[in-house]
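A.B. asks: My questions will all concern the structure given below.
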Amino acid sequence: MHIPVLAGPALELLGARPRGVYVDCTAGAGGHSALILERLAPERLIALDRDGAAVDALRSHFGGDPRVTVLHENYGQLKAALAGVGCAKADGVLLDAGLSSVQLDDPARGFSFQADGPLDMRMDRGEGEDAAVFLTRTSVEALTQILREYGDVRPARRIAKAIVAAARAGRLNTSGDLAKTIGEALDVTHKAPEETRTVFQAIRIAVNDELTHLETGLRQAVDVLAPGGRLVVITFHSGEDRVAKTVLREAARPRIERHPDGRDRSRRPPLVKLLTARPVTPDATEARANPRAQSAKLRAVERLPTSGG
Ligand SMILES: C[S@@+](CC[C@H](N)C(=O)[O-])C[C@H]1O[C@@H](n2cnc3c(N)ncnc32)[C@H](O)[C@@H]1O
């Protein structure tokens, strides 16, 4: 198993209650799950992933361990997924958002601009439309917005126009076609321009509707925490971190219930307390060893004992 991102702080913050019930919402290549099993000695670990190929690999790796339940599920439906295996409350929930290196490194998945493969980009290949189809029916306006919001791409409209034109002309079937189209739009043909990575990232986020699932998944994760239980979330770019920050801060504020006419009815205590005033980031050694970890940010909360439902 590889060493997962921010493994030290993630395990330290997650494991306030060893021998409890833990949930890994994004088990991926199994790195964090393996560490949870090794260091926290949980009574039960429920490991989810929306990627069927990752789930097959996780089942063959952890299949013999009676403490582990591997589920092919989207964490956007976390509560239902856990209820389906008889789990109502968890002592620790980990969500390590985004793409795994296994997915990125497999040309057949279409996530990487560095290798040519079918332009798929779905995390769950059994669900929804792939990136090639998505781009054929997307408007220039919608794609411009996607590139700006999910990739902070600057010349967004110019690139969006080129991509939509290529898609509609049937010239966008592989990740190589997409990389070439971006280069041509920016008049850079000798090597991939900086924007290539962020355009790929933005399209991937849209194809998988990632930020919607992240928001829903985090809200449900807060709900399933037992009193004293902890939620740790790791994000990799500003759009993801914004969602994590908003959901966790909201859960850490007193909740105000209102009358239908708008008057305050009652103040209920917050659901959680923040454990990380500022996000935890990789130290210099980890950032040097793993360039993909460089943008990682970790936030954590603990469910308060008196907070009710
Ligand atoms: C950054 S990787 C996690 C790597 C993992 N922590 C490890 O140690 O190997 C993210 C994983 O989350 C999965 N994923 C992304 N969005 C998901 C979602 N909405 N529901 C379930 N899994 C998701 C991806 O398929 C990928 O395998």
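Labels used: A, B, ... for chains in the order of the structure tokens, numbers from 1 for residues in each chain, and numbers from 1 for ligands as shown.
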Could you give me, as a ChimeraX atom specification, the residues within 9 Å of Arg137 in chain A, counting only C-alpha atoms and dropping anything in the same chain fewer than 6 positions from it?

C.D. replies: /A:164,167-168

A.B. asks: Quick one: contact table of chain A to ligand 1, 9 Å max, nearest atom pair and distance in Å to one decimal per residue, counting only C-alpha atoms and all ligand atoms, chain and number order, as a Markdown table?

C.D. replies:
```
| residue | atom | partner | partner_atom_place_in_ligand_line | distance |
| --- | --- | --- | --- | --- |
| A:Met1 | CA | ligand 1 | 9 (O) | 7.9 |
| A:His2 | CA | ligand 1 | 9 (O) | 7.2 |
| A:Ile3 | CA | ligand 1 | 8 (O) | 7.0 |
| A:Pro4 | CA | ligand 1 | 8 (O) | 4.5 |
| A:Val5 | CA | ligand 1 | 8 (O) | 7.1 |
| A:Ala7 | CA | ligand 1 | 8 (O) | 8.3 |
| A:Asp24 | CA | ligand 1 | 6 (N) | 7.7 |
| A:Cys25 | CA | ligand 1 | 21 (C) | 5.8 |
| A:Thr26 | CA | ligand 1 | 12 (O) | 3.8 |
| A:Ala27 | CA | ligand 1 | 5 (C) | 4.7 |
| A:Gly28 | CA | ligand 1 | 27 (O) | 3.3 |
| A:Ala29 | CA | ligand 1 | 9 (O) | 3.5 |
| A:Gly30 | CA | ligand 1 | 9 (O) | 4.2 |
| A:Gly31 | CA | ligand 1 | 8 (O) | 3.3 |
| A:His32 | CA | ligand 1 | 8 (O) | 4.1 |
| A:Ser33 | CA | ligand 1 | 8 (O) | 6.6 |
| A:Ala34 | CA | ligand 1 | 8 (O) | 8.0 |
| A:Leu35 | CA | ligand 1 | 8 (O) | 8.6 |
| A:Leu48 | CA | ligand 1 | 21 (C) | 5.9 |
| A:Asp49 | CA | ligand 1 | 22 (N) | 3.7 |
| A:Arg50 | CA | ligand 1 | 21 (C) | 4.0 |
| A:Asp51 | CA | ligand 1 | 25 (O) | 4.6 |
| A:Gly52 | CA | ligand 1 | 25 (O) | 8.3 |
| A:Ala53 | CA | ligand 1 | 25 (O) | 8.8 |
| A:Ala54 | CA | ligand 1 | 27 (O) | 6.2 |
| A:Val55 | CA | ligand 1 | 27 (O) | 8.5 |
| A:His72 | CA | ligand 1 | 21 (C) | 7.8 |
| A:Glu73 | CA | ligand 1 | 21 (C) | 5.7 |
| A:Asn74 | CA | ligand 1 | 20 (N) | 3.4 |
| A:Tyr75 | CA | ligand 1 | 20 (N) | 3.9 |
| A:Gly76 | CA | ligand 1 | 19 (N) | 5.5 |
| A:Gln77 | CA | ligand 1 | 20 (N) | 8.1 |
| A:Leu78 | CA | ligand 1 | 20 (N) | 8.3 |
| A:Leu94 | CA | ligand 1 | 6 (N) | 8.3 |
| A:Leu95 | CA | ligand 1 | 6 (N) | 7.5 |
| A:Asp96 | CA | ligand 1 | 1 (C) | 5.1 |
| A:Ala97 | CA | ligand 1 | 10 (C) | 5.0 |
| A:Gly98 | CA | ligand 1 | 10 (C) | 4.7 |
| A:Leu99 | CA | ligand 1 | 10 (C) | 4.5 |
| A:Ser100 | CA | ligand 1 | 2 (S) | 3.7 |
| A:Ser101 | CA | ligand 1 | 2 (S) | 7.1 |
| A:Val102 | CA | ligand 1 | 27 (O) | 7.9 |
| A:Gln103 | CA | ligand 1 | 27 (O) | 7.1 |
| A:Arg122 | CA | ligand 1 | 25 (O) | 8.9 |
| A:Met123 | CA | ligand 1 | 25 (O) | 5.2 |
| A:Asp124 | CA | ligand 1 | 25 (O) | 7.2 |
| A:Asn208 | CA | ligand 1 | 16 (N) | 7.8 |
| A:Asp209 | CA | ligand 1 | 19 (N) | 8.3 |
| A:Glu210 | CA | ligand 1 | 19 (N) | 6.2 |
| A:Leu211 | CA | ligand 1 | 19 (N) | 8.6 |
| A:Thr212 | CA | ligand 1 | 19 (N) | 8.6 |
| A:His213 | CA | ligand 1 | 19 (N) | 5.2 |
| A:Leu214 | CA | ligand 1 | 19 (N) | 6.4 |
| A:Gly217 | CA | ligand 1 | 19 (N) | 7.4 |
| A:Ile234 | CA | ligand 1 | 1 (C) | 8.3 |
| A:Thr235 | CA | ligand 1 | 1 (C) | 8.4 |
| A:Phe236 | CA | ligand 1 | 1 (C) | 8.5 |
```

A.B. asks: Do you know which residues are at most 9 Å from Ser238 in chain A counting only C-alpha atoms, after dropping those on the same chain fewer than 4 positions away, and could you put them as a CSV table (one decimal) with C-alpha atoms, in the first residue's frame?

C.D. replies:
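Contents of the output file selection_0.csv:
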```
chain,number,residue,atom,x,y,z
A,150,TYR,CA,-13.6,24.4,-11.0
A,151,GLY,CA,-10.2,25.2,-12.4
A,152,ASP,CA,-9.6,28.9,-11.9
A,242,ARG,CA,-14.4,26.2,0.0
A,243,VAL,CA,-17.2,23.6,0.3
A,295,SER,CA,-2.1,21.6,-2.6
```

A.B. asks: For Thr144 in chain A, list every protein, DNA or RNA residue within 8 Å, evaluated using only C-alpha atoms, and leave out those in the same chain fewer than 2 positions away; present the list as a list in words.

C.D. replies: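 Listing them by chain and then by number gives Val140, Glu141, Ala142, Ile146, Leu147, Arg148, Ala156, Arg157, Ile159 and Ala160 of chain A.
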
A.B. asks: Produce a file of the selected residues containing C-alpha atoms, as a PDB file, in the first residue's frame.

C.D. replies:
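Printed below is part26.pdb as written:
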```
ATOM      1  CA  VAL A 140     -19.676  27.589 -24.557  1.00  0.00           C
ATOM      2  CA  GLU A 141     -21.234  29.657 -21.736  1.00  0.00           C
ATOM      3  CA  ALA A 142     -21.680  26.664 -19.420  1.00  0.00           C
ATOM      4  CA  ILE A 146     -17.064  25.350 -15.339  1.00  0.00           C
ATOM      5  CA  LEU A 147     -13.478  26.230 -16.282  1.00  0.00           C
ATOM      6  CA  ARG A 148     -13.560  29.382 -14.152  1.00  0.00           C
ATOM      7  CA  ALA A 156     -11.684  30.361 -19.969  1.00  0.00           C
ATOM      8  CA  ARG A 157     -13.917  31.527 -22.803  1.00  0.00           C
ATOM      9  CA  ILE A 159     -10.527  27.563 -24.387  1.00  0.00           C
ATOM     10  CA  ALA A 160     -14.223  26.707 -23.948  1.00  0.00           C
TER      11      ALA A 160
END
```

A.B. asks: For the structure I just gave you, how does DSSP split range 90-297 of chain A - specifically, which residues are strand (DSSP E or B)? Reply as a ChimeraX atom specification.

C.D. replies: /A:90-96,118,174,225-235,255-258,264-268,272-274,280,297

A.B. asks: Once you have the residues from the selection above, write them out as a tab-separated table (two decimals), in the first residue's frame, restricted to N, CA and C atoms.

C.D. replies:
```tsv
chain	number	residue	atom	x	y	z
A	90	ALA	N	-21.04	6.63	13.65
A	90	ALA	CA	-19.62	6.32	13.47
A	90	ALA	C	-18.79	7.15	14.43
A	91	ASP	N	-17.66	6.59	14.86
A	91	ASP	CA	-16.75	7.31	15.76
A	91	ASP	C	-15.75	8.15	14.97
A	92	GLY	N	-15.54	7.78	13.71
A	92	GLY	CA	-14.63	8.56	12.88
A	92	GLY	C	-15.00	8.40	11.41
A	93	VAL	N	-15.02	9.53	10.69
A	93	VAL	CA	-15.30	9.49	9.25
A	93	VAL	C	-14.18	10.26	8.55
A	94	LEU	N	-13.59	9.61	7.55
A	94	LEU	CA	-12.53	10.25	6.76
A	94	LEU	C	-13.01	10.43	5.33
A	95	LEU	N	-12.76	11.64	4.78
A	95	LEU	CA	-13.10	11.88	3.37
A	95	LEU	C	-11.89	12.56	2.71
A	96	ASP	N	-11.24	11.82	1.81
A	96	ASP	CA	-10.03	12.29	1.12
A	96	ASP	C	-10.46	12.53	-0.34
A	118	PRO	N	-9.16	6.99	-24.02
A	118	PRO	CA	-10.53	7.47	-24.27
A	118	PRO	C	-10.92	8.57	-23.28
A	174	THR	N	-10.36	11.57	-27.37
A	174	THR	CA	-9.35	11.05	-26.44
A	174	THR	C	-8.81	12.19	-25.57
A	225	LEU	N	-22.03	11.16	12.86
A	225	LEU	CA	-21.02	11.07	13.92
A	225	LEU	C	-21.67	10.83	15.29
A	226	ALA	N	-21.13	9.89	16.03
A	226	ALA	CA	-21.55	9.70	17.42
A	226	ALA	C	-20.98	10.86	18.24
A	227	PRO	N	-21.58	11.18	19.39
A	227	PRO	CA	-20.99	12.23	20.24
A	227	PRO	C	-19.52	11.93	20.49
A	228	GLY	N	-18.68	12.95	20.30
A	228	GLY	CA	-17.23	12.76	20.47
A	228	GLY	C	-16.55	12.20	19.21
A	229	GLY	N	-17.36	11.78	18.23
A	229	GLY	CA	-16.80	11.24	16.97
A	229	GLY	C	-16.21	12.36	16.12
A	230	ARG	N	-15.33	12.00	15.22
A	230	ARG	CA	-14.61	13.02	14.45
A	230	ARG	C	-14.72	12.82	12.94
A	231	LEU	N	-14.76	13.96	12.25
A	231	LEU	CA	-14.77	13.96	10.79
A	231	LEU	C	-13.50	14.66	10.31
A	232	VAL	N	-12.75	14.00	9.43
A	232	VAL	CA	-11.54	14.59	8.85
A	232	VAL	C	-11.73	14.65	7.35
A	233	VAL	N	-11.52	15.83	6.77
A	233	VAL	CA	-11.67	15.96	5.31
A	233	VAL	C	-10.40	16.55	4.71
A	234	ILE	N	-9.95	15.92	3.61
A	234	ILE	CA	-8.75	16.39	2.90
A	234	ILE	C	-9.19	16.82	1.51
A	235	THR	N	-8.82	18.06	1.13
A	235	THR	CA	-9.18	18.56	-0.20
A	235	THR	C	-7.92	18.93	-0.98
A	255	ARG	N	-27.34	26.80	15.94
A	255	ARG	CA	-28.39	26.74	14.93
A	255	ARG	C	-29.60	27.51	15.41
A	256	ILE	N	-30.13	28.35	14.55
A	256	ILE	CA	-31.28	29.16	14.95
A	256	ILE	C	-32.51	28.65	14.20
A	257	GLU	N	-33.51	28.27	14.97
A	257	GLU	CA	-34.76	27.84	14.34
A	257	GLU	C	-35.71	29.02	14.33
A	258	ARG	N	-36.40	29.23	13.24
A	258	ARG	CA	-37.25	30.42	13.14
A	258	ARG	C	-38.72	30.05	13.03
A	264	ASP	N	-36.92	34.85	15.50
A	264	ASP	CA	-36.12	33.77	16.08
A	264	ASP	C	-36.99	32.94	17.02
A	265	ARG	N	-36.88	31.66	16.92
A	265	ARG	CA	-37.63	30.81	17.84
A	265	ARG	C	-36.71	30.32	18.94
A	266	SER	N	-35.63	29.66	18.53
A	266	SER	CA	-34.71	29.17	19.57
A	266	SER	C	-33.33	29.01	18.99
A	267	ARG	N	-32.37	29.12	19.88
A	267	ARG	CA	-30.99	28.86	19.49
A	267	ARG	C	-30.62	27.48	20.01
A	268	ARG	N	-30.18	26.61	19.09
A	268	ARG	CA	-29.75	25.28	19.52
A	268	ARG	C	-28.23	25.23	19.42
A	272	VAL	N	-20.99	20.62	16.07
A	272	VAL	CA	-19.59	20.19	16.17
A	272	VAL	C	-18.72	21.32	16.68
A	273	LYS	N	-17.50	20.98	17.12
A	273	LYS	CA	-16.49	22.03	17.33
A	273	LYS	C	-15.38	21.81	16.31
A	274	LEU	N	-14.79	22.92	15.87
A	274	LEU	CA	-13.70	22.84	14.89
A	274	LEU	C	-12.42	22.42	15.61
A	280	VAL	N	-4.71	22.13	8.01
A	280	VAL	CA	-3.39	21.52	8.11
A	280	VAL	C	-2.90	21.23	6.69
A	297	LYS	N	-5.22	20.18	1.78
A	297	LYS	CA	-5.61	20.90	3.00
A	297	LYS	C	-6.50	19.98	3.82
```

A.B. asks: Would you mind listing what lies within 7 Å of range 192-196 of chain A as a ChimeraX atom specification, with only C-alpha atoms counted and same-chain residues fewer than 4 positions away left out?

C.D. replies: /A:153,179,182-183,188,200

A.B. asks: Given only C-alpha atoms as the basis, pick out the residue of A:Arg292, A:Arg303, A:Arg263, A:Lys89 nearest to Ala251 in chain A.

C.D. replies: A:Arg303

A.B. asks: In Å, rounded to a single decimal, give me how far CA of Val247 in chain A is from CA of Leu275 in chain A.

C.D. replies: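 Calculated distance between CA of Leu275 in chain A and CA of Val247 in chain A is 14.1 Å.
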
A.B. asks: For a quick check of understanding, using only C-alpha atoms, which of A:Ile163, A:Leu6, A:Leu186, A:Leu304 has the smallest distance to Glu286 in chain A?

C.D. replies: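 Looking only at the distances to Glu286 in chain A, the closest residue turns out to be A:Leu6.
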
A.B. asks: DSSP on the backbone: what in range 13-165 of chain A comes out helix (DSSP H, G or I), as a PyMOL selection string?

C.D. replies: chain A and resi 13-14+31-40+52-62+75-84+101-105+107-109+131-137+140-151+156-165

A.B. asks: What is the distance, in Å and to one decimal place, between CA of Val23 in chain A and CA of Ala47 in chain A?

C.D. replies: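 These two atoms are separated by 5.9 Å.
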